[in-house]
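Visitor: Coordinates in final.txt, compact mmCIF, C-alpha atoms, are listed below.
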# COMPACT_ATOMS: atom_id res chain seq x y z
CA GLY A 267 11.15 41.08 10.00
CA ARG A 268 9.50 38.00 8.60
CA SER A 269 9.99 36.96 5.02
CA ARG A 270 7.33 35.23 2.98
CA VAL A 271 7.80 31.57 2.14
CA GLN A 272 9.62 31.33 -1.17
CA PHE A 273 6.94 29.65 -3.26
CA ALA A 274 5.93 30.25 -6.84
CA SER A 275 2.28 30.32 -7.83
CA SER A 276 0.24 28.46 -10.38
CA ARG A 277 -1.52 30.48 -13.04
CA ILE A 278 -4.22 27.85 -13.50
CA MET A 279 -6.37 26.19 -10.89
CA ALA A 280 -6.05 22.44 -11.13
CA ARG A 281 -9.32 20.58 -10.88
CA GLY A 282 -8.64 17.05 -9.74
CA LYS A 283 -5.01 17.14 -10.91
CA ARG A 284 -1.91 19.24 -10.44
CA GLN A 285 -0.95 21.67 -13.20
CA LYS A 286 2.60 22.51 -14.20
CA VAL A 287 3.83 25.78 -12.79
CA ASP A 288 6.45 28.25 -13.87
CA ASP A 289 8.58 27.95 -10.77
CA GLY A 290 11.69 29.68 -12.06
CA GLY A 291 13.79 26.78 -10.81
CA GLU A 292 12.63 27.18 -7.22
CA GLU A 293 12.68 24.05 -5.12
CA HIS A 294 9.29 24.51 -3.46
CA ALA A 295 6.86 25.67 -6.14
CA LEU A 296 3.14 25.66 -5.35
CA ALA A 297 0.01 24.96 -7.35
CA VAL A 298 -3.69 25.36 -6.65
CA PHE A 299 -5.49 22.03 -6.44
CA GLN A 300 -9.20 21.26 -6.18
CA GLU A 301 -10.62 18.08 -4.75
CA GLY A 302 -14.19 17.55 -3.69
CA MET A 303 -15.54 20.79 -2.29
CA VAL A 304 -12.22 22.39 -1.28
CA ARG A 305 -9.43 24.19 -3.08
CA CYS A 306 -5.95 24.12 -1.59
CA VAL A 307 -2.45 25.37 -2.24
CA VAL A 308 -0.26 22.27 -2.52
CA ALA A 309 3.24 21.37 -3.65
CA ALA A 310 3.58 21.40 -7.42
CA LYS A 311 5.77 18.30 -7.51
CA GLY A 312 5.92 14.89 -5.88
CA ALA A 313 7.95 13.77 -2.89
CA LYS A 314 10.61 11.04 -2.94
CA GLN A 315 11.14 10.87 0.79
CA PRO A 316 9.35 12.09 3.96
CA GLY A 317 9.50 15.85 4.43
CA SER A 318 11.31 16.51 1.16
CA VAL A 319 8.41 18.46 -0.35
CA PRO A 320 6.22 20.45 2.09
CA GLY A 321 2.57 20.36 1.15
CA PHE A 322 2.84 17.25 -1.01
CA CYS A 323 -0.56 16.05 -2.25
CA ASN A 324 -0.81 12.83 -4.24
CA ALA A 325 -3.73 13.08 -6.68
CA LYS A 326 -3.72 9.28 -7.06
CA MET A 327 -4.69 8.96 -3.40
CA ARG A 328 -8.02 10.73 -3.85
CA VAL A 329 -10.02 7.54 -3.34
CA ASN A 330 -8.25 7.13 0.02
CA ARG A 331 -9.37 10.61 1.05
CA ASP A 332 -12.88 10.03 -0.32
CA VAL A 333 -13.27 6.96 1.88
CA SER A 334 -11.95 8.88 4.90
CA VAL A 335 -14.49 11.67 4.33
CA LEU A 336 -17.31 9.12 4.28
CA ALA A 337 -15.87 7.30 7.31
CA VAL A 338 -15.86 10.48 9.40
CA ALA A 339 -19.43 11.24 8.40
CA ALA A 340 -20.58 7.70 9.19
CA ALA A 341 -18.74 7.65 12.53
CA ALA A 342 -20.24 11.00 13.50
CA MET A 343 -23.79 9.89 12.69
CA GLU A 344 -23.38 6.56 14.50
CA ARG A 345 -21.91 8.31 17.53
CA ASN A 346 -24.77 10.81 17.64
CA GLU A 347 -27.39 8.06 17.34
CA ARG A 348 -25.69 5.94 19.98
CA GLU A 349 -25.54 8.68 22.57
CA PRO A 350 -27.11 12.04 21.68
CA GLY A 351 -25.80 15.15 23.40
CA LEU A 352 -22.13 14.17 23.43
CA PRO A 353 -19.47 16.90 23.07
CA LEU A 354 -18.01 17.72 19.68
CA MET A 355 -16.57 14.73 17.85
CA LYS A 356 -12.80 15.25 17.87
CA CYS A 357 -11.03 14.26 14.65
CA ILE A 358 -7.32 14.45 13.89
CA ASP A 359 -5.36 14.17 10.67
CA ALA A 360 -1.96 13.42 12.17
CA PHE A 361 -0.02 13.92 8.91
CA THR A 362 -1.98 16.74 7.36
CA SER A 363 0.58 18.12 4.85
CA SER A 364 -1.45 20.76 2.95
CA GLY A 365 -4.53 20.18 5.11
CA ILE A 366 -6.69 18.97 2.24
CA LEU A 367 -8.16 15.97 4.08
CA GLY A 368 -8.94 17.85 7.29
CA LEU A 369 -10.65 20.58 5.30
CA ARG A 370 -12.73 18.04 3.42
CA TRP A 371 -13.88 16.76 6.81
CA CYS A 372 -14.87 20.31 7.74
CA VAL A 373 -16.66 21.05 4.48
CA GLU A 374 -18.00 17.65 3.37
CA SER A 375 -18.18 15.28 6.35
CA ALA A 376 -19.91 17.86 8.53
CA VAL A 377 -22.55 18.44 5.84
CA LEU A 378 -23.04 14.72 5.12
CA SER A 379 -23.46 13.84 8.79
CA GLY A 380 -25.16 16.98 10.05
CA CYS A 381 -22.93 16.68 13.13
CA GLU A 382 -20.56 19.09 14.86
CA LEU A 383 -16.85 18.32 14.44
CA ALA A 384 -13.67 19.57 16.11
CA VAL A 385 -10.96 18.97 13.51
CA THR A 386 -7.23 19.04 14.27
CA MET A 387 -4.78 19.26 11.35
CA ASN A 388 -1.32 18.33 12.57
CA ASP A 389 2.08 18.09 10.93
CA LEU A 390 5.65 18.13 12.16
CA SER A 391 6.67 20.51 9.36
CA LYS A 392 6.12 24.23 9.93
CA ASP A 393 5.95 24.74 6.17
CA CYS A 394 3.08 22.26 6.01
CA ALA A 395 1.38 23.98 8.93
CA ALA A 396 1.68 27.30 7.11
CA LEU A 397 0.02 25.83 4.04
CA ALA A 398 -2.73 24.17 6.09
CA THR A 399 -3.41 27.46 7.87
CA HIS A 400 -3.60 29.39 4.61
CA ASN A 401 -5.89 26.77 3.06
CA ALA A 402 -8.16 26.67 6.13
CA LEU A 403 -8.58 30.45 6.15
CA ALA A 404 -9.24 30.51 2.41
CA ASN A 405 -11.85 27.74 2.51
CA LEU A 406 -13.59 28.52 5.80
CA SER A 407 -13.43 32.31 6.01
CA ASP A 408 -14.88 34.90 3.64
CA GLU A 409 -12.14 37.34 4.63
CA HIS A 410 -9.33 35.38 2.99
CA SER A 411 -8.69 34.15 -0.54
CA LEU A 412 -6.53 31.38 -1.93
CA ASP A 413 -3.23 32.79 -3.17
CA PRO A 414 0.03 30.79 -3.30
CA LYS A 415 2.00 34.03 -3.17
CA ALA A 416 0.34 35.02 0.10
CA VAL A 417 1.31 31.98 2.19
CA GLU A 418 2.80 33.32 5.41
CA PRO A 419 5.52 31.38 7.28
CA TRP A 420 4.46 29.58 10.43
CA GLY A 421 5.13 31.62 13.53
CA ASP A 422 3.65 33.07 16.71
CA LEU A 423 1.60 35.59 14.71
CA ASN A 424 0.34 33.00 12.23
CA ARG A 425 -1.08 30.24 14.40
CA LEU A 426 -4.56 28.93 13.69
CA VAL A 427 -5.81 28.30 17.21
CA GLU A 428 -9.52 27.98 16.42
CA LEU A 429 -11.56 28.67 13.31
CA LYS A 430 -15.31 28.15 13.12
CA ILE A 431 -16.57 25.73 10.48
CA PRO A 432 -19.21 27.49 8.34
CA GLY A 433 -22.69 26.00 8.44
CA THR A 434 -22.21 24.57 11.93
CA THR A 435 -23.09 25.90 15.35
CA ARG A 436 -19.99 24.91 17.30
CA GLY A 437 -17.73 23.12 14.80
CA THR A 438 -14.10 24.27 14.79
CA THR A 439 -10.72 23.45 13.27
CA HIS A 440 -7.16 24.30 14.21
CA VAL A 441 -3.59 23.54 13.11
CA THR A 442 -0.79 22.16 15.29
CA VAL A 443 2.92 21.50 14.75
CA LYS A 444 3.91 18.39 16.69
CA PRO A 445 5.27 14.89 16.12
CA ALA A 446 2.35 12.61 15.36
CA GLY A 447 2.84 10.61 18.56
CA VAL A 448 2.77 13.75 20.69
CA ALA A 449 -0.35 15.07 18.96
CA LEU A 450 -2.13 11.75 19.49
CA HIS A 451 -1.13 11.55 23.16
CA ASP A 452 -2.15 15.14 23.95
CA GLN A 453 -5.82 14.25 24.15
CA PRO A 454 -8.16 11.45 23.05
CA HIS A 455 -9.67 11.79 19.57
CA ASP A 456 -12.87 10.10 18.47
CA PHE A 457 -11.57 9.69 14.90
CA ILE A 458 -7.87 9.28 14.11
CA HIS A 459 -6.47 9.19 10.59
CA LEU A 460 -2.89 8.08 9.96
CA ASP A 461 -1.47 8.48 6.46
CA PRO A 462 2.31 8.69 6.84
CA PHE A 463 4.90 8.48 4.09
CA GLY A 464 5.50 4.73 3.84
CA SER A 465 4.87 2.37 6.75
CA ALA A 466 2.29 3.18 9.40
CA ALA A 467 3.76 0.62 11.83
CA PRO A 468 5.74 3.10 14.01
CA HIS A 469 2.56 5.07 14.79
CA LEU A 470 0.06 2.31 15.56
CA ASP A 471 0.68 2.19 19.31
CA ALA A 472 0.22 5.93 19.71
CA ALA A 473 -3.05 5.81 17.78
CA VAL A 474 -4.76 2.91 19.53
CA SER A 475 -3.46 3.62 23.04
CA ARG A 476 -5.24 6.98 23.30
CA ALA A 477 -8.34 6.24 21.27
CA PRO A 478 -11.45 6.33 23.48
CA HIS A 479 -13.78 3.37 23.84
CA LEU A 480 -15.63 2.95 20.53
CA GLY A 481 -13.33 5.47 18.88
CA VAL A 482 -12.40 4.95 15.24
CA VAL A 483 -8.87 4.67 13.84
CA ALA A 484 -8.23 4.79 10.09
CA VAL A 485 -4.76 3.80 8.87
CA THR A 486 -3.34 4.13 5.37
CA ALA A 487 -0.08 2.36 4.53
CA THR A 488 1.77 2.82 1.25
CA ASP A 489 4.61 0.34 1.83
CA THR A 490 2.77 -2.14 -0.35
CA ALA A 491 5.85 -4.21 -1.21
CA ALA A 492 5.94 -5.38 2.41
CA LEU A 493 2.18 -5.74 2.86
CA TRP A 494 1.72 -7.67 -0.36
CA GLY A 495 4.37 -10.23 0.50
CA ILE A 496 7.06 -9.16 -1.96
CA TYR A 497 9.56 -8.49 0.86
CA PRO A 498 8.70 -10.93 3.67
CA ALA A 499 11.62 -9.78 5.86
CA VAL A 500 10.25 -6.23 5.88
CA ALA A 501 6.76 -7.50 6.69
CA ARG A 502 8.23 -9.40 9.63
CA ARG A 503 10.17 -6.40 10.94
CA HIS A 504 7.46 -3.78 10.51
CA TYR A 505 4.25 -5.71 11.04
CA GLY A 506 5.20 -8.94 12.83
CA ALA A 507 3.80 -11.01 9.94
CA GLU A 508 5.33 -14.35 8.95
CA LEU A 509 5.11 -14.65 5.15
CA ASP A 510 6.63 -17.84 3.77
CA VAL A 511 8.43 -17.17 0.47
CA GLY A 512 9.40 -20.79 -0.11
CA ASP A 513 12.65 -22.66 0.13
CA ASN A 514 15.80 -21.16 -1.29
CA LEU A 515 16.87 -23.15 -4.33
CA GLY A 516 20.33 -21.66 -4.53
CA ASP A 517 21.81 -19.20 -7.00
CA GLY A 518 19.83 -16.41 -5.35
CA VAL A 519 16.45 -17.84 -6.43
CA ASN A 520 13.51 -19.20 -4.41
CA ASN A 521 10.76 -21.59 -5.48
CA LEU A 522 8.19 -18.83 -5.95
CA GLY A 523 10.16 -17.27 -8.78
CA GLY A 524 11.68 -14.32 -6.92
CA ALA A 525 15.17 -13.42 -5.84
CA ALA A 526 16.41 -14.66 -2.49
CA GLY A 527 14.51 -12.81 0.24
CA GLN A 528 11.98 -11.63 -2.32
CA ALA A 529 8.81 -13.31 -3.57
CA ARG A 530 6.48 -12.87 -6.46
CA ARG A 531 3.31 -11.02 -5.58
CA PRO A 532 0.67 -13.73 -4.99
CA PRO A 533 -2.72 -13.53 -6.71
CA TRP A 534 -4.42 -12.76 -3.37
CA PHE A 535 -1.97 -9.99 -2.52
CA ARG A 536 -4.61 -7.37 -1.69
CA GLU A 537 -6.33 -9.65 0.81
CA LEU A 538 -2.93 -10.45 2.27
CA GLY A 539 -2.03 -6.76 2.67
CA VAL A 540 -5.26 -5.96 4.46
CA ARG A 541 -4.81 -8.85 6.90
CA VAL A 542 -1.17 -8.04 7.60
CA LEU A 543 -2.12 -4.46 8.52
CA LEU A 544 -5.13 -5.54 10.59
CA GLY A 545 -3.01 -8.09 12.44
CA ALA A 546 -0.44 -5.44 13.32
CA MET A 547 -3.18 -3.11 14.58
CA ALA A 548 -4.73 -5.89 16.67
CA ARG A 549 -1.39 -6.66 18.33
CA ALA A 550 -0.69 -2.96 18.92
CA ALA A 551 -4.11 -2.52 20.53
CA ALA A 552 -3.67 -5.65 22.67
CA ARG A 553 -0.46 -4.23 24.15
CA HIS A 554 -2.69 -1.57 25.73
CA ASP A 555 -5.53 -3.93 26.72
CA ARG A 556 -7.69 -2.93 23.79
CA GLY A 557 -9.27 -4.74 20.91
CA ILE A 558 -10.29 -3.72 17.40
CA VAL A 559 -13.29 -4.43 15.19
CA PRO A 560 -12.72 -3.88 11.44
CA LEU A 561 -15.25 -1.50 9.88
CA SER A 562 -13.95 -1.13 6.35
CA CYS A 563 -10.95 -2.21 4.30
CA LEU A 564 -9.64 -0.97 0.97
CA ALA A 565 -6.68 -2.19 -1.06
CA SER A 566 -5.78 -0.14 -4.13
CA ASP A 567 -2.82 -0.03 -6.48
CA HIS A 568 -0.88 2.36 -4.25
CA PHE A 569 -2.06 1.79 -0.68
CA VAL A 570 -3.92 -0.30 1.86
CA GLN A 571 -6.44 1.44 4.11
CA VAL A 572 -8.25 -0.10 7.07
CA CYS A 573 -10.74 1.51 9.42
CA VAL A 574 -11.35 -0.08 12.83
CA ARG A 575 -13.33 0.58 15.97
CA VAL A 576 -11.38 0.42 19.24
CA GLN A 577 -12.84 -1.38 22.24
CA ARG A 578 -11.32 -1.10 25.69
CA GLY A 579 -10.69 -4.05 27.99
CA ALA A 580 -8.60 -7.19 28.20
CA ALA A 581 -11.48 -9.32 26.93
CA ALA A 582 -11.72 -7.25 23.75
CA ALA A 583 -7.95 -7.50 23.33
CA ASP A 584 -8.06 -11.28 23.68
CA ARG A 585 -10.85 -11.57 21.13
CA SER A 586 -9.11 -9.51 18.44
CA CYS A 587 -5.82 -11.37 18.94
CA SER A 588 -7.32 -14.85 19.05
CA ASP A 589 -6.57 -17.51 16.46
CA ASP A 590 -10.05 -17.00 15.01
CA ALA A 591 -9.33 -13.30 14.41
CA VAL A 592 -5.63 -13.19 13.54
CA GLY A 593 -4.80 -16.51 11.99
CA ALA A 594 -3.00 -17.96 9.03
CA PHE A 595 -3.82 -17.28 5.40
CA TRP A 596 -3.70 -20.58 3.55
CA HIS A 597 -3.29 -21.28 -0.16
CA CYS A 598 -3.71 -24.76 -1.64
CA ASP A 599 -1.22 -25.51 -4.39
CA VAL A 600 -3.48 -28.26 -5.74
CA CYS A 601 -6.86 -26.56 -6.14
CA ASP A 602 -5.55 -22.94 -6.07
CA VAL A 603 -7.99 -21.94 -3.34
CA ALA A 604 -7.06 -19.32 -0.76
CA ALA A 605 -8.68 -19.29 2.68
CA CYS A 606 -8.18 -17.92 6.16
CA GLY A 607 -8.10 -19.96 9.35
CA GLY A 608 -6.64 -20.24 12.79
CA TRP A 609 -3.03 -21.10 13.54
CA GLY A 610 -4.06 -24.68 14.21
CA GLY A 611 -5.80 -25.14 10.84
CA ASP A 612 -4.81 -27.80 8.36
CA GLY A 613 -2.77 -26.21 5.59
CA GLY A 614 -3.41 -29.01 3.14
CA GLY A 615 0.07 -28.64 1.67
CA GLY A 616 -0.41 -24.95 1.13
CA GLU A 617 1.67 -21.96 2.06
CA ARG A 618 1.40 -19.76 5.09
Give the structure from this file in structure tokens form.
Guide:
Amino acid sequence: GRSRVQFASSRIMARGKRQKVDDGGEEHALAVFQEGMVRCVVAAKGAKQPGSVPGFCNAKMRVNRDVSVLAVAAAAMERNEREPGLPLMKCIDAFTSSGILGLRWCVESAVLSGCELAVTMNDLSKDCAALATHNALANLSDEHSLDPKAVEPWGDLNRLVELKIPGTTRGTTHVTVKPAGVALHDQPHDFIHLDPFGSAAPHLDAAVSRAPHLGVVAVTATDTAALWGIYPAVARRHYGAELDVGDNLGDGVNNLGGAAGQARRPPWFRELGVRVLLGAMARAAARHDRGIVPLSCLASDHFVQVCVRVQRGAAAADRSCSDDAVGAFWHCDVCDVAACGGWGGDGGGGER
């Protein structure tokens, strides 16, 4: 027979933060966590590497999820105004973990927009899928309650194929267990959210290649050391960005004050991180004859998030990859002014 997932429960519901739990030394202890209008069972401790802690939920990333909730609502309203009578707006959280973001779409974005949503919560981990299923049933069904001790393991008898979203006529949600690329290629989604552990670069092609015309892709990247120019070699490998760290002065030191191959974070590092990520998305879209139009950008202490609209066609791809769109970021050493321009712009003795 099946055995229940070996999780310990929290005695106190955490509101906006995770509470300590008496886990008896168990590796995968759970806590109850509230954010926005949903309560979820999440991992009681943080994760140091991908997949190490099923159900990991970073409380410091709430603002990232808040923006995503608003983005889904705005995209749904704009879509409905642009062309009324369209089928359900399909949204996917490709790295759902505990399912907290997807459930906030169901509960909050649907109410804010007044639109019908079809929400997919996907994760490669079966333990995460089990948590997302339990949380969905507890938040969207009156017949279930939130109980960390009652989380059932993922299996044929515990698959959430379709669950109606309360307060809507046709809105639904379901949970899948697939690699992110497979889930994104299965069918087009009108709103795609990528929030992987670390770099989002390996998943950009899968996201933009299957997004429909005028679909929206939101990407969150937490490898800020690369995006902010601290490790230029990593930025080059992952995002195709050329970040000049200065000439090596010998003795393992460069002229920007960092170790060889490493630079000090420049004052405009947040702007730099946003543009590095947008440039990588533009090039990924262009490989599939698509272009992007930035809708919103956010750079915080722990992540960079960009939200873009995808446009089909070679002309759109050329526009978003042109020198006017993806150009150099210049800084003048004399007047300390930072500016953006095309590849052919005059650097004025600055750095690129």
Visitor: Fewer than 2 positions away in the same chain doesn't count, so skip those; otherwise give me all residues within 8 Å of Val485 (chain A), counting all atoms listed in the file, as a list in words.
Guide: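 Near Val485 (chain A), the qualifying residues are His459, Leu460, Asp461, Ala466, Val483, Ala487, Gln571, Val572 and Cys573 of chain A.
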Visitor: Of the candidates A:Pro454, A:Gly321, A:Gly579, A:Pro419, which one gets nearest to Cys357 (chain A) if we count all atoms listed in the file?
Guide: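 Distance minimum relative to Cys357 (chain A) lands on A:Pro454.
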Visitor: Quick one: everything within 12 Å of region 392-394 of chain A, counting only C-alpha atoms, minus sequence neighbours fewer than 2 positions away in the same chain. Send it as a PyMOL selection string.
Guide: chain A and resi 270-273+294+296+306-309+317-323+360-366+387-390+396-401+417-422+424-425+441-445
Visitor: Do a neighbour search on Leu480 (chain A) at 9 Å with only C-alpha atoms, toss out local chain neighbours closer than 5 positions, and write the hits as a ChimeraX atom specification.
Guide: /A:345,456,575-578
Visitor: Given the choices A:Lys430, A:Lys326, A:Arg305, A:Arg476, which gets closest to Arg370 (chain A) if the distance is worked out from only C-alpha atoms?
Guide: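 Closest to Arg370 (chain A) of all the choices is A:Arg305.
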Visitor: Please define a box with edges along x, y and z of the file around all atoms of region 297-302 of chain A given in the file, extend it by 6 Å on each side, and return its centre and edge lengths in Å to one decimal, as AutoDock Vina command-line options.
Guide:
--center_x -7.1 --center_y 21.5 --center_z -5.5 --size_x 26.2 --size_y 19.8 --size_z 15.7
